[in-house]
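**Student:** One structure coming up, written as structure tokens, with questions to follow.
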Amino acid sequence: MDFGDGMETFDKSFTQQEPIPEEGVAAALEVLRHGRLHRYNTVGDEVCETALLEEGFAATVGSAYCLAVASGGYAMGCVLRALGVGPGDKVLTNAFTLAPVPGAIASVGADPVFVETTENLTIDPDDLSKRARSSGSSVLMLSHMRGHIADMEALAGLCRDIGVTLVEDCAHTMGAAWNGVPSGRWGIAGCFSTQTYKHVNSGEGGLIVTDDAGLMARMVLLSGSYMMYPRHRAAPPPEAYEDVKWITPNVSGRMDNLRAAILRPQIERLPANVSCWNALYRSVEVELAGSNGVALSHRPEAEEFVGSSFQFRLPDRSASEIEGVVASAAERGIELKWFGAPEPRGFTSTHASWRYAPPQELPRTDRVLSTLLDLRLPLTFTVDDASRIGRILREVCRGGAGGGH
């Protein structure tokens, strides 16, 4: 679509997802017809949809165990509880993340310790070392925020050297890898989200993967297994629960069979969808590359990312100028999120907004986020759509062809 003066506009929704695959619809209808939505409500030797989902996802990422839970936030909180994190403890995490990450830390009574963010939107390893020492924290909840993956070989090695247990928040990296190793497989556990805007869609939901039998046994009990843990398939054998089953509280957060039925065919389609997302990402990137005043993230060859969203910075622009870019883009149908806004907007917030966490000085992160813009790239877009978005953004960012205020 064009304005009368020839300027391009865009008229598709940035929040419209693809429909659930027909196989998922059929499986969901079958669950609704028999009515056994609860994962432990089975008949005879029936294997429930949730157990099959766990088994399939464990095979997908190459983990020994998998647990399906109610949300990505619950997944992170469950791992922290199972690790013994509690009130007064300190947990390291990226300063550039979304609210559910510090929220999961706060949910167990611990305090988030935010780590600086680089201009490439990944965690700063030097600052991680410094804050681990000063805080005494022994756990890092690493957020692969917006799909940007740090050098995981170096980071995992650093965590081992400084005695920090690595947990990965993979809400934005399901289907991604670093140097061939799937996201979620670098630390003791990986936490995934199946919320509507993630890489598979069940409205809400989460998955946890690990190779640690003791950790998984505690998490299965925490999730509310009611001593029915033998019905799990991608989980440790019954003897793994003997020492912990009497002392682990039930903090119910199970996934149900309806959501699992919807998710299973989406997991199977994930590799093909990753290729589609990355084609969209590269199409926007090509249009913006080299644009005066626009800074793009470097994606190393080892980073096998999923381009379901796109980020760029305007490092030489003032706050008012960036607000003008956001407004001009909106006039032409492009929905940008700005991480430098003074108050949270929708799903976008920063460490200054999370006042349940102790205030912390993060000058590098503040500088990066003050000029950072972000947009979703749903699979309902075509490559031509993505190219159009890139062209419009290029015009808006340079202030030409009617862009900018």
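Each chain in the structure tokens gets a letter, A, B, ..., in the order shown, and its residues are numbered from 1; ligands are numbered from 1 in order too.
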Looking only at strand (DSSP E or B) from DSSP on the backbone, list the matching residues of range 116-163 of chain A as a list in words.

**Tutor:** Thr117, Ile123, Val139, Leu140, Met141, Leu142 and Ser143 of chain A

**Student:** Since we have the selection now, will you write its residues out, keeping C-alpha atoms, as a JSON list (two decimals), in the first residue's frame?

**Tutor:**
```json
[["chain", "number", "residue", "atom", "x", "y", "z"],
["A", 117, "THR", "CA", 24.77, -5.33, 28.37],
["A", 123, "ILE", "CA", 25.76, -10.01, 28.53],
["A", 139, "VAL", "CA", 23.61, -18.61, 40.02],
["A", 140, "LEU", "CA", 23.28, -16.87, 36.65],
["A", 141, "MET", "CA", 19.88, -16.77, 34.93],
["A", 142, "LEU", "CA", 21.19, -15.95, 31.46],
["A", 143, "SER", "CA", 18.56, -14.34, 29.25]]
```

**Student:** Neighbours of Val25 in chain A within 8 Å (only C-alpha atoms; same-chain residues fewer than 4 positions away dropped), as a VMD selection string?

**Tutor:** chain A and resid 20 to 21 29 261 to 262

**Student:** Residues as selected, all heavy atoms, written as an mmCIF file, in the first residue's frame, can you do that?

**Tutor:**
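For reference, again.cif as written:
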```cif
data_model
loop_
_atom_site.group_PDB
_atom_site.id
_atom_site.type_symbol
_atom_site.label_atom_id
_atom_site.label_comp_id
_atom_site.auth_asym_id
_atom_site.auth_seq_id
_atom_site.Cartn_x
_atom_site.Cartn_y
_atom_site.Cartn_z
ATOM 1 N N ILE A 20 -2.958 -22.521 14.308
ATOM 2 C CA ILE A 20 -2.453 -23.788 14.823
ATOM 3 C C ILE A 20 -2.524 -24.831 13.703
ATOM 4 O O ILE A 20 -3.530 -24.921 12.995
ATOM 5 C CB ILE A 20 -3.283 -24.248 16.039
ATOM 6 C CG1 ILE A 20 -3.229 -23.195 17.157
ATOM 7 C CG2 ILE A 20 -2.805 -25.603 16.550
ATOM 8 C CD1 ILE A 20 -1.846 -22.890 17.686
ATOM 9 N N PRO A 21 -1.485 -25.641 13.496
ATOM 10 C CA PRO A 21 -1.535 -26.662 12.448
ATOM 11 C C PRO A 21 -2.743 -27.582 12.612
ATOM 12 O O PRO A 21 -3.185 -27.860 13.739
ATOM 13 C CB PRO A 21 -0.226 -27.435 12.643
ATOM 14 C CG PRO A 21 0.685 -26.482 13.336
ATOM 15 C CD PRO A 21 -0.190 -25.642 14.214
ATOM 16 N N LEU A 29 -8.948 -31.421 19.644
ATOM 17 C CA LEU A 29 -10.352 -31.850 19.643
ATOM 18 C C LEU A 29 -10.507 -33.235 20.274
ATOM 19 O O LEU A 29 -11.483 -33.501 20.989
ATOM 20 C CB LEU A 29 -10.897 -31.849 18.223
ATOM 21 C CG LEU A 29 -11.165 -30.464 17.614
ATOM 22 C CD1 LEU A 29 -11.532 -30.590 16.142
ATOM 23 C CD2 LEU A 29 -12.273 -29.745 18.381
ATOM 24 N N ALA A 261 -1.151 -30.931 23.195
ATOM 25 C CA ALA A 261 -1.625 -31.413 21.898
ATOM 26 C C ALA A 261 -1.419 -30.363 20.814
ATOM 27 O O ALA A 261 -1.052 -30.675 19.670
ATOM 28 C CB ALA A 261 -3.103 -31.797 22.002
ATOM 29 N N ILE A 262 -1.642 -29.112 21.157
ATOM 30 C CA ILE A 262 -1.453 -28.015 20.214
ATOM 31 C C ILE A 262 0.022 -27.837 19.858
ATOM 32 O O ILE A 262 0.374 -27.517 18.720
ATOM 33 C CB ILE A 262 -2.011 -26.710 20.828
ATOM 34 C CG1 ILE A 262 -3.542 -26.773 20.909
ATOM 35 C CG2 ILE A 262 -1.572 -25.488 20.031
ATOM 36 C CD1 ILE A 262 -4.139 -25.637 21.720
#
```

**Student:** Please, what distance in Å, to one decimal, runs between CA of Ser349 in chain A and CA of Ser370 in chain A?

**Tutor:** 11.5 Å

**Student:** For range 98-105 of chain A, find every residue with an atom within 8 Å (counting only C-alpha atoms), except residues of its own chain fewer than 4 positions away, and show them as a VMD selection string.

**Tutor:** chain A and resid 73 to 74 76 to 77 80 91 93 109 to 112 141 143 145 169 347 to 350 354 357

**Student:** Print the selection's residues with N, CA and C atoms to a file, as a short mmCIF file (atom, residue, chain, number, x, y, z; two decimals), in the first residue's frame.

**Tutor:**
```
data_model
loop_
_atom_site.label_atom_id
_atom_site.label_comp_id
_atom_site.auth_asym_id
_atom_site.auth_seq_id
_atom_site.Cartn_x
_atom_site.Cartn_y
_atom_site.Cartn_z
N GLY A 73 7.85 -18.25 32.76
CA GLY A 73 8.19 -17.68 34.06
C GLY A 73 8.19 -18.74 35.15
N TYR A 74 7.17 -19.61 35.12
CA TYR A 74 7.14 -20.71 36.10
C TYR A 74 8.36 -21.60 35.91
N MET A 76 11.40 -20.86 34.97
CA MET A 76 12.57 -20.27 35.61
C MET A 76 12.48 -20.34 37.13
N GLY A 77 11.31 -20.03 37.68
CA GLY A 77 11.14 -20.10 39.12
C GLY A 77 11.30 -21.51 39.64
N LEU A 80 14.99 -22.40 39.83
CA LEU A 80 15.63 -21.72 40.97
C LEU A 80 15.26 -22.40 42.28
N VAL A 91 20.77 -13.53 42.64
CA VAL A 91 20.82 -14.24 41.36
C VAL A 91 21.20 -13.25 40.27
N THR A 93 21.61 -11.82 36.49
CA THR A 93 20.87 -11.90 35.24
C THR A 93 21.18 -10.67 34.40
N GLY A 109 11.89 -15.12 46.40
CA GLY A 109 12.39 -14.28 47.48
C GLY A 109 13.81 -13.81 47.30
N ALA A 110 14.41 -14.10 46.14
CA ALA A 110 15.79 -13.70 45.89
C ALA A 110 15.85 -12.31 45.26
N ASP A 111 17.04 -11.75 45.22
CA ASP A 111 17.25 -10.42 44.64
C ASP A 111 17.97 -10.54 43.30
N PRO A 112 17.43 -9.94 42.25
CA PRO A 112 18.17 -9.91 40.98
C PRO A 112 19.40 -9.01 41.09
N MET A 141 21.01 -16.53 35.83
CA MET A 141 19.88 -16.77 34.93
C MET A 141 20.18 -15.97 33.67
N SER A 143 19.66 -14.59 30.18
CA SER A 143 18.56 -14.34 29.25
C SER A 143 19.12 -14.11 27.86
N MET A 145 18.16 -12.57 25.44
CA MET A 145 17.13 -11.59 25.15
C MET A 145 17.03 -11.29 23.66
N ASP A 169 17.66 -18.85 30.08
CA ASP A 169 16.31 -18.44 29.69
C ASP A 169 16.29 -18.39 28.17
N PHE A 347 4.84 -4.85 26.44
CA PHE A 347 5.76 -5.87 26.93
C PHE A 347 7.17 -5.31 27.15
N THR A 348 7.37 -4.04 26.88
CA THR A 348 8.71 -3.45 26.92
C THR A 348 8.93 -2.69 28.22
N SER A 349 9.95 -3.10 28.97
CA SER A 349 10.31 -2.39 30.19
C SER A 349 11.80 -2.58 30.42
N THR A 350 12.35 -1.86 31.40
CA THR A 350 13.78 -1.94 31.70
C THR A 350 13.97 -2.09 33.20
N TRP A 354 11.55 -2.18 37.40
CA TRP A 354 11.35 -3.33 38.28
C TRP A 354 11.75 -2.95 39.70
N ALA A 357 13.20 -4.97 42.72
CA ALA A 357 14.63 -5.29 42.75
C ALA A 357 15.39 -4.10 43.29
#
```

**Student:** Neighbours of Gln195 in chain A within 6 Å (only C-alpha atoms; same-chain residues fewer than 5 positions away dropped), as JSON, numbers by chain?

**Tutor:** {"A": [201, 202, 203, 204, 205]}

**Student:** Can you pull out the residues contacting His172 in chain A? Cut-off 10 Å, using only C-alpha atoms, and skip same-chain residues under 5 positions away; I want them as a list of chain:residue names.

**Tutor:**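 In the requested format, the answer is A:Ser143, A:His144, A:Met145, A:Arg146, A:Gly147, A:His148, A:Ile149, A:Ser183, A:Phe192, A:Ser193, A:Thr194, A:Tyr197, A:Lys198, A:His199, A:Phe305, A:Val306, A:Gly307, A:Ser308, A:Ser309.
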
**Student:** Just the number, please: distance in Å from CA of Leu207 in chain A to CA of Gly24 in chain A, one decimal.

**Tutor:** 17.8 Å

**Student:** Have a look at CA of Val274 in chain A and CA of Ser297 in chain A and let me know their distance in Å, one decimal.

**Tutor:**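 Computing it gives 18.7 Å between the two atoms.
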
**Student:** Identify which of the residues A:Tyr229, A:Phe57, A:Phe96, A:Phe114 lies closest to Leu372 in chain A, counting only C-alpha atoms when measuring atom-to-atom distances.

**Tutor:**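 Ranked by minimum distance to Leu372 in chain A, first place goes to A:Phe96.
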
**Student:** What's around Asp256 in chain A at 9 Å? Count only C-alpha atoms, leave out sequence neighbours fewer than 4 positions away in its own chain, and write the answer as an MDAnalysis selection string.

**Tutor:** chainID A and resid 37:39 49:50 68:70 260:261

**Student:** At most 8 Å is the cut-off: for each residue in range 41-110 of chain A with any atom that close to an atom of range 220-227 of chain A, write down the nearest atom pair and the distance in Å rounded to one decimal, counting only C-alpha atoms, chain first then increasing number, as JSON lines.

**Tutor:**
```
{"residue": "A:Leu67", "atom": "CA", "partner": "A:Val220", "partner_atom": "CA", "distance": 7.0}
{"residue": "A:Val69", "atom": "CA", "partner": "A:Ser223", "partner_atom": "CA", "distance": 7.2}
{"residue": "A:Cys78", "atom": "CA", "partner": "A:Leu222", "partner_atom": "CA", "distance": 7.0}
{"residue": "A:Ala82", "atom": "CA", "partner": "A:Leu222", "partner_atom": "CA", "distance": 7.7}
```

**Student:** Skip Arg233 in chain A itself and residues of its chain fewer than 3 positions away, then list as a list in words all residues within 9 Å of it, counting only C-alpha atoms.

**Tutor:**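 These residues fall inside the cut-off: Val47, Ala51, Leu52, Glu54, Glu55, Tyr65, Cys66, Tyr229, Pro230, Pro236 and Pro237 of chain A.
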
**Student:** Give the helix (DSSP H, G or I) residues of range 22-223 of chain A, as DSSP finds them on the backbone, and put them as a tab-separated table (two decimals) with N, CA, C and O atoms, in the first residue's frame.

**Tutor:**
```
chain	number	residue	atom	x	y	z
A	22	GLU	N	-3.26	-28.07	11.50
A	22	GLU	CA	-4.45	-28.91	11.54
A	22	GLU	C	-4.25	-30.15	12.39
A	22	GLU	O	-5.18	-30.62	13.05
A	23	GLU	N	-3.02	-30.69	12.41
A	23	GLU	CA	-2.77	-31.85	13.27
A	23	GLU	C	-2.96	-31.49	14.75
A	23	GLU	O	-3.45	-32.30	15.53
A	24	GLY	N	-2.56	-30.27	15.10
A	24	GLY	CA	-2.74	-29.82	16.48
A	24	GLY	C	-4.20	-29.59	16.81
A	24	GLY	O	-4.66	-29.91	17.90
A	25	VAL	N	-4.94	-29.04	15.85
A	25	VAL	CA	-6.38	-28.83	16.05
A	25	VAL	C	-7.07	-30.17	16.25
A	25	VAL	O	-7.90	-30.34	17.16
A	26	ALA	N	-6.73	-31.17	15.41
A	26	ALA	CA	-7.35	-32.49	15.52
A	26	ALA	C	-7.01	-33.15	16.86
A	26	ALA	O	-7.87	-33.73	17.52
A	27	ALA	N	-5.73	-33.03	17.27
A	27	ALA	CA	-5.33	-33.62	18.55
A	27	ALA	C	-6.02	-32.93	19.72
A	27	ALA	O	-6.42	-33.58	20.70
A	28	ALA	N	-6.16	-31.60	19.63
A	28	ALA	CA	-6.84	-30.86	20.70
A	28	ALA	C	-8.31	-31.25	20.79
A	28	ALA	O	-8.86	-31.42	21.89
A	29	LEU	N	-8.95	-31.42	19.64
A	29	LEU	CA	-10.35	-31.85	19.64
A	29	LEU	C	-10.51	-33.24	20.27
A	29	LEU	O	-11.48	-33.50	20.99
A	30	GLU	N	-9.54	-34.11	20.01
A	30	GLU	CA	-9.59	-35.44	20.62
A	30	GLU	C	-9.51	-35.35	22.14
A	30	GLU	O	-10.23	-36.04	22.86
A	31	VAL	N	-8.63	-34.48	22.64
A	31	VAL	CA	-8.53	-34.28	24.09
A	31	VAL	C	-9.84	-33.73	24.64
A	31	VAL	O	-10.34	-34.17	25.68
A	32	LEU	N	-10.42	-32.77	23.94
A	32	LEU	CA	-11.69	-32.19	24.40
A	32	LEU	C	-12.79	-33.23	24.39
A	32	LEU	O	-13.66	-33.24	25.29
A	33	ARG	N	-12.78	-34.12	23.42
A	33	ARG	CA	-13.84	-35.12	23.35
A	33	ARG	C	-13.74	-36.14	24.47
A	33	ARG	O	-14.75	-36.56	25.03
A	34	HIS	N	-12.51	-36.55	24.82
A	34	HIS	CA	-12.42	-37.54	25.91
A	34	HIS	C	-12.38	-36.86	27.28
A	34	HIS	O	-12.64	-37.50	28.30
A	49	GLU	N	-0.75	-36.60	26.24
A	49	GLU	CA	-0.13	-35.66	25.30
A	49	GLU	C	1.05	-34.93	25.93
A	49	GLU	O	2.06	-34.65	25.27
A	50	THR	N	0.93	-34.59	27.22
A	50	THR	CA	1.99	-33.83	27.87
A	50	THR	C	3.27	-34.64	27.96
A	50	THR	O	4.38	-34.14	27.70
A	51	ALA	N	3.15	-35.92	28.32
A	51	ALA	CA	4.33	-36.77	28.40
A	51	ALA	C	4.96	-36.96	27.02
A	51	ALA	O	6.19	-36.99	26.87
A	52	LEU	N	4.13	-37.07	25.99
A	52	LEU	CA	4.66	-37.21	24.63
A	52	LEU	C	5.36	-35.93	24.17
A	52	LEU	O	6.39	-35.99	23.48
A	53	LEU	N	4.81	-34.78	24.55
A	53	LEU	CA	5.47	-33.51	24.23
A	53	LEU	C	6.84	-33.45	24.88
A	53	LEU	O	7.83	-33.07	24.24
A	54	GLU	N	6.92	-33.79	26.16
A	54	GLU	CA	8.20	-33.76	26.88
A	54	GLU	C	9.21	-34.68	26.21
A	54	GLU	O	10.38	-34.31	26.01
A	55	GLU	N	8.78	-35.87	25.87
A	55	GLU	CA	9.67	-36.83	25.23
A	55	GLU	C	10.17	-36.30	23.89
A	55	GLU	O	11.35	-36.38	23.56
A	56	GLY	N	9.26	-35.72	23.11
A	56	GLY	CA	9.64	-35.20	21.80
A	56	GLY	C	10.57	-34.02	21.89
A	56	GLY	O	11.53	-33.91	21.10
A	57	PHE	N	10.32	-33.11	22.84
A	57	PHE	CA	11.18	-31.92	22.93
A	57	PHE	C	12.55	-32.30	23.46
A	57	PHE	O	13.57	-31.74	23.02
A	58	ALA	N	12.62	-33.24	24.41
A	58	ALA	CA	13.93	-33.71	24.89
A	58	ALA	C	14.76	-34.25	23.73
A	58	ALA	O	15.96	-33.97	23.62
A	59	ALA	N	14.12	-35.01	22.85
A	59	ALA	CA	14.83	-35.55	21.69
A	59	ALA	C	15.27	-34.42	20.75
A	59	ALA	O	16.36	-34.46	20.17
A	60	THR	N	14.44	-33.40	20.61
A	60	THR	CA	14.76	-32.28	19.72
A	60	THR	C	16.03	-31.56	20.14
A	60	THR	O	16.86	-31.21	19.30
A	61	VAL	N	16.19	-31.31	21.44
A	61	VAL	CA	17.37	-30.56	21.90
A	61	VAL	C	18.48	-31.46	22.41
A	61	VAL	O	19.56	-30.97	22.76
A	72	GLY	N	6.71	-19.92	30.85
A	72	GLY	CA	8.15	-19.74	30.88
A	72	GLY	C	8.63	-19.16	32.20
A	72	GLY	O	9.69	-19.51	32.70
A	73	GLY	N	7.85	-18.25	32.76
A	73	GLY	CA	8.19	-17.68	34.06
A	73	GLY	C	8.19	-18.74	35.15
A	73	GLY	O	9.07	-18.76	36.02
A	74	TYR	N	7.17	-19.61	35.12
A	74	TYR	CA	7.14	-20.71	36.10
A	74	TYR	C	8.36	-21.60	35.91
A	74	TYR	O	8.96	-22.06	36.89
A	75	ALA	N	8.75	-21.87	34.66
A	75	ALA	CA	9.91	-22.72	34.39
A	75	ALA	C	11.14	-22.17	35.10
A	75	ALA	O	11.87	-22.91	35.78
A	76	MET	N	11.40	-20.86	34.97
A	76	MET	CA	12.57	-20.27	35.61
A	76	MET	C	12.48	-20.34	37.13
A	76	MET	O	13.45	-20.70	37.81
A	77	GLY	N	11.31	-20.03	37.68
A	77	GLY	CA	11.14	-20.10	39.12
A	77	GLY	C	11.30	-21.51	39.64
A	77	GLY	O	11.86	-21.74	40.72
A	78	CYS	N	10.83	-22.49	38.87
A	78	CYS	CA	10.93	-23.89	39.27
A	78	CYS	C	12.38	-24.33	39.34
A	78	CYS	O	12.80	-25.00	40.30
A	79	VAL	N	13.17	-23.95	38.34
A	79	VAL	CA	14.60	-24.29	38.36
A	79	VAL	C	15.28	-23.66	39.57
A	79	VAL	O	16.06	-24.32	40.28
A	80	LEU	N	14.99	-22.40	39.83
A	80	LEU	CA	15.63	-21.72	40.97
A	80	LEU	C	15.26	-22.40	42.28
A	80	LEU	O	16.13	-22.62	43.14
A	81	ARG	N	13.98	-22.73	42.48
A	81	ARG	CA	13.58	-23.44	43.70
A	81	ARG	C	14.30	-24.78	43.82
A	81	ARG	O	14.76	-25.16	44.89
A	82	ALA	N	14.36	-25.51	42.70
A	82	ALA	CA	15.00	-26.82	42.73
A	82	ALA	C	16.50	-26.72	43.01
A	82	ALA	O	17.09	-27.66	43.55
A	100	PRO	N	9.50	-11.00	33.12
A	100	PRO	CA	9.37	-12.32	33.76
A	100	PRO	C	10.67	-12.89	34.32
A	100	PRO	O	10.63	-13.76	35.19
A	101	VAL	N	11.83	-12.43	33.83
A	101	VAL	CA	13.09	-12.98	34.32
A	101	VAL	C	13.39	-12.48	35.73
A	101	VAL	O	13.52	-13.29	36.66
A	102	PRO	N	13.49	-11.17	35.97
A	102	PRO	CA	13.63	-10.73	37.37
A	102	PRO	C	12.41	-11.11	38.20
A	102	PRO	O	12.53	-11.33	39.41
A	103	GLY	N	11.24	-11.23	37.57
A	103	GLY	CA	10.06	-11.65	38.29
A	103	GLY	C	10.19	-13.06	38.83
A	103	GLY	O	9.76	-13.35	39.96
A	104	ALA	N	10.77	-13.96	38.05
A	104	ALA	CA	10.98	-15.33	38.52
A	104	ALA	C	11.96	-15.36	39.69
A	104	ALA	O	11.78	-16.12	40.65
A	105	ILE	N	12.99	-14.51	39.62
A	105	ILE	CA	13.95	-14.44	40.73
A	105	ILE	C	13.27	-13.91	41.99
A	105	ILE	O	13.42	-14.47	43.08
A	106	ALA	N	12.49	-12.86	41.83
A	106	ALA	CA	11.77	-12.29	42.98
A	106	ALA	C	10.74	-13.26	43.54
A	106	ALA	O	10.44	-13.24	44.74
A	107	SER	N	10.20	-14.14	42.69
A	107	SER	CA	9.14	-15.05	43.15
A	107	SER	C	9.63	-16.06	44.18
A	107	SER	O	8.82	-16.61	44.93
A	125	PRO	N	30.74	-10.12	29.85
A	125	PRO	CA	31.40	-11.11	30.71
A	125	PRO	C	32.28	-10.48	31.79
A	125	PRO	O	32.39	-11.03	32.90
A	126	ASP	N	32.93	-9.36	31.49
A	126	ASP	CA	33.77	-8.72	32.50
A	126	ASP	C	32.91	-8.21	33.66
A	126	ASP	O	33.28	-8.37	34.83
A	127	ASP	N	31.77	-7.62	33.34
A	127	ASP	CA	30.88	-7.15	34.40
A	127	ASP	C	30.27	-8.32	35.16
A	127	ASP	O	30.04	-8.23	36.37
A	128	LEU	N	30.03	-9.43	34.46
A	128	LEU	CA	29.52	-10.63	35.13
A	128	LEU	C	30.49	-11.09	36.21
A	128	LEU	O	30.09	-11.37	37.35
A	129	SER	N	31.77	-11.16	35.87
A	129	SER	CA	32.78	-11.57	36.85
A	129	SER	C	32.79	-10.63	38.05
A	129	SER	O	32.83	-11.06	39.21
A	130	LYS	N	32.75	-9.34	37.75
A	130	LYS	CA	32.81	-8.34	38.82
A	130	LYS	C	31.60	-8.44	39.75
A	130	LYS	O	31.74	-8.46	40.98
A	131	ARG	N	30.43	-8.56	39.18
A	131	ARG	CA	29.22	-8.58	40.01
A	131	ARG	C	29.04	-9.92	40.71
A	131	ARG	O	28.43	-9.97	41.78
A	132	ALA	N	29.55	-10.99	40.14
A	132	ALA	CA	29.52	-12.28	40.85
A	132	ALA	C	30.36	-12.19	42.11
A	132	ALA	O	29.95	-12.66	43.19
A	133	ARG	N	31.53	-11.58	42.00
A	133	ARG	CA	32.40	-11.44	43.18
A	133	ARG	C	31.78	-10.51	44.22
A	133	ARG	O	31.75	-10.83	45.42
A	134	SER	N	31.27	-9.38	43.78
A	134	SER	CA	30.78	-8.39	44.75
A	134	SER	C	29.48	-8.83	45.42
A	134	SER	O	29.22	-8.47	46.57
A	135	SER	N	28.67	-9.61	44.72
A	135	SER	CA	27.37	-10.01	45.27
A	135	SER	C	27.43	-11.34	46.01
A	135	SER	O	26.56	-11.64	46.85
A	145	MET	N	18.16	-12.57	25.44
A	145	MET	CA	17.13	-11.59	25.15
A	145	MET	C	17.03	-11.29	23.66
A	145	MET	O	18.03	-11.02	23.00
A	146	ARG	N	15.80	-11.33	23.16
A	146	ARG	CA	15.48	-11.07	21.75
A	146	ARG	C	16.32	-11.93	20.81
A	146	ARG	O	16.58	-11.57	19.66
A	147	GLY	N	16.75	-13.10	21.31
A	147	GLY	CA	17.45	-14.06	20.46
A	147	GLY	C	18.91	-13.79	20.25
A	147	GLY	O	19.54	-14.45	19.41
A	152	MET	N	28.89	-18.73	23.81
A	152	MET	CA	28.51	-19.63	24.89
A	152	MET	C	29.66	-20.51	25.37
A	152	MET	O	29.69	-20.89	26.54
A	153	GLU	N	30.61	-20.81	24.50
A	153	GLU	CA	31.77	-21.57	24.98
A	153	GLU	C	32.55	-20.76	25.99
A	153	GLU	O	32.91	-21.26	27.07
A	154	ALA	N	32.78	-19.49	25.68
A	154	ALA	CA	33.51	-18.63	26.60
A	154	ALA	C	32.71	-18.37	27.87
A	154	ALA	O	33.25	-18.40	28.99
A	155	LEU	N	31.39	-18.14	27.72
A	155	LEU	CA	30.58	-17.80	28.89
A	155	LEU	C	30.42	-19.00	29.82
A	155	LEU	O	30.51	-18.86	31.05
A	156	ALA	N	30.18	-20.18	29.25
A	156	ALA	CA	30.06	-21.37	30.09
A	156	ALA	C	31.37	-21.65	30.82
A	156	ALA	O	31.38	-22.02	32.00
A	157	GLY	N	32.50	-21.44	30.13
A	157	GLY	CA	33.79	-21.61	30.78
A	157	GLY	C	34.01	-20.61	31.89
A	157	GLY	O	34.53	-20.95	32.96
A	158	LEU	N	33.60	-19.36	31.67
A	158	LEU	CA	33.72	-18.34	32.70
A	158	LEU	C	32.90	-18.72	33.93
A	158	LEU	O	33.37	-18.58	35.07
A	159	CYS	N	31.67	-19.18	33.70
A	159	CYS	CA	30.82	-19.57	34.84
A	159	CYS	C	31.47	-20.69	35.65
A	159	CYS	O	31.44	-20.68	36.89
A	160	ARG	N	32.06	-21.65	34.98
A	160	ARG	CA	32.75	-22.72	35.70
A	160	ARG	C	33.92	-22.15	36.50
A	160	ARG	O	34.13	-22.52	37.67
A	161	ASP	N	34.67	-21.24	35.90
A	161	ASP	CA	35.86	-20.69	36.57
A	161	ASP	C	35.50	-19.90	37.82
A	161	ASP	O	36.27	-19.90	38.80
A	162	ILE	N	34.37	-19.18	37.79
A	162	ILE	CA	34.02	-18.33	38.93
A	162	ILE	C	33.00	-18.99	39.85
A	162	ILE	O	32.52	-18.37	40.80
A	213	ALA	N	19.58	-35.60	36.90
A	213	ALA	CA	18.46	-36.41	37.39
A	213	ALA	C	17.90	-35.87	38.71
A	213	ALA	O	16.68	-35.81	38.90
A	214	GLY	N	18.78	-35.48	39.62
A	214	GLY	CA	18.30	-34.97	40.91
A	214	GLY	C	17.53	-33.68	40.75
A	214	GLY	O	16.48	-33.49	41.39
A	215	LEU	N	18.02	-32.79	39.90
A	215	LEU	CA	17.34	-31.52	39.66
A	215	LEU	C	15.97	-31.77	39.04
A	215	LEU	O	14.96	-31.19	39.47
A	216	MET	N	15.90	-32.65	38.03
A	216	MET	CA	14.61	-32.92	37.40
A	216	MET	C	13.65	-33.58	38.36
A	216	MET	O	12.44	-33.26	38.37
A	217	ALA	N	14.10	-34.47	39.19
A	217	ALA	CA	13.21	-35.10	40.17
A	217	ALA	C	12.58	-34.05	41.07
A	217	ALA	O	11.37	-34.08	41.34
A	218	ARG	N	13.38	-33.11	41.54
A	218	ARG	CA	12.83	-32.06	42.40
A	218	ARG	C	11.84	-31.19	41.63
A	218	ARG	O	10.80	-30.78	42.18
A	219	MET	N	12.13	-30.90	40.36
A	219	MET	CA	11.24	-30.05	39.58
A	219	MET	C	9.91	-30.76	39.28
A	219	MET	O	8.85	-30.12	39.29
A	220	VAL	N	9.95	-32.05	38.99
A	220	VAL	CA	8.71	-32.79	38.76
A	220	VAL	C	7.83	-32.74	40.01
A	220	VAL	O	6.62	-32.51	39.94
A	221	LEU	N	8.45	-32.92	41.17
A	221	LEU	CA	7.69	-32.85	42.42
A	221	LEU	C	7.17	-31.44	42.67
A	221	LEU	O	6.01	-31.25	43.07
A	222	LEU	N	8.01	-30.44	42.44
A	222	LEU	CA	7.59	-29.06	42.62
A	222	LEU	C	6.40	-28.72	41.73
A	222	LEU	O	5.47	-28.01	42.14
```

**Student:** Let me make sure I understand: among A:Pro19, A:Ser13, A:Glu395, A:Asp211, which one has the smallest atom-to-atom distance to Leu375 in chain A if we use only C-alpha atoms?

**Tutor:**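 For Leu375 in chain A, the nearest of the given residues is A:Ser13.
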